[in-house]
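One structure is given here, and the rest of the page talks about it.
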Amino acid sequence: MRNNIILLVLGFHAMVLSQSVQVDLTVNTELVNQTNITPIQTLEKSLRDFLNNTKWTSETTNKNATVSVSMLLTISSVNDNSYGGTLQVQSGRLVYGSSYTSPLVTFLDDNFGFTYQEFQPFYFDVNRYNNNIISVFSYYIYLALGMELDSFSPLGGTTYFERARTIANAAQASNAQGWAVTQNRNGRYELIDQIISPAFNDFRNVIYAYHREGLDLMVSAPGEAKERIKEELLSLQNLMRRQPNEYLLRAFFDAKGEEIGQLFSDGPEVETESLLRFLNRFASSNASYWAMIAR
């Protein structure tokens, strides 16, 4: 990844809103103790078609602009038409003028249960709860879109975050699994509540500045770019003091840990002592990446 970051060939590009979403979906059945997995295979195909054929955005701009999302659904239990498991969601922001994709989202949903009958059709209505599998996957698509657009313009993803919250409200009202407010604040409802809250606008502005004013300058002014990225990371200190151990912030550093470590491991020298103190204090679970940072 280091070479990809260093070799970015960047130019200024006007903001292009994404028109389509490309989803790479994998359904893992290794934990399922049954011989007939045909319904799950049917589910995988139907779900993949649904995710890639639904028009998630209303823009009619550049047809080649896409948001790529990787999803891993691991099914651990099957009881008739009831399924349980986990869902991992990852997406990245393609840096213009290069082939490097900067990671944006890494979410792990470990409270995912749904019902599915083979060959059942999938219907999506953002304002109405129909089925938990549709609500959960649609919710994460909108989170990925929102994060993508936040990285290109300040608070640019608000429209899509609002759609995710609409889904969460409808699912919670229907008492669907995994949507209730939880005390550990790791749930879907808490996550979108954090993102939408004005208290987290500073975080969303960091997403913009880190990418647009940082990564996009790596070739033309690498020293300045690294200083800007460091400045933005350090600006999260006050938020992390006020909101310690929030899931959204942990998810950010889980997604960005390797990239941050690589960025500051060599190249133009910048002062990293303050950055290391911050990272080791507030994101200590990624200490292996911080060990890469040159002192």
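Just remember, in the structure tokens the first chain shown is A, the second B, etc., residues are 1-based per chain, and ligands are 1-based in the order shown.
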
- Find the residues around region 115-121 of chain A up to 6 Å (only C-alpha atoms counted), leave out those fewer than 2 positions away in its own chain, and share them as a ChimeraX atom specification. /A:39,81-83

- Neighbours of Ile133 (chain A) within 10 Å (only C-alpha atoms; same-chain residues fewer than 3 positions away dropped), as a VMD selection string? chain A and resid 47 83 112 to 116 122 130 136 to 139

* Per-residue DSSP, region 27-247 of chain A, filtered to helix (DSSP H, G or I), as number ranges by chain -> A: 38-53, 132-150, 158-173, 188-196, 198-212, 215-217, 222-234, 237-242, 247

Q. Out of region 16-255 of chain A, which residues get strand (DSSP E) from DSSP, as a VMD selection string?
A. chain A and resid 20 to 28 66 to 79 82 to 94 101 to 115

Who sits within 10 Å of region 266-278 of chain A, only C-alpha atoms, same chain under 3 positions skipped, as a ChimeraX atom specification
/A:2,6,221-227,230-231,233-234,236-237,261-263,281-284,287,290-295

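Relative to CA of Gly187 (chain A), CA of Asp109 (chain A) is found at 8.0 Å.
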
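Residues lying within 10 Å of region 166-171 of chain A, counting only C-alpha atoms and ignoring same-chain neighbours fewer than 6 positions away, are Asp125, Val126, Asn127, Arg128, Tyr129, Asn130, Asn131, Asn132, Ile134, Ser135, Val136, Ser138, Tyr139, Tyr142, Tyr160, Gln177, Gly178, Trp179, Ala180, Arg188, Tyr189, Glu190, Leu191, Ile192 and Asp193 of chain A.
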
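Among the candidate residues A:Glu162, A:Ser265, A:Val78, A:Phe253, the one lying nearest to Asn280 (chain A) is A:Phe253, with distances computed using only C-alpha atoms.
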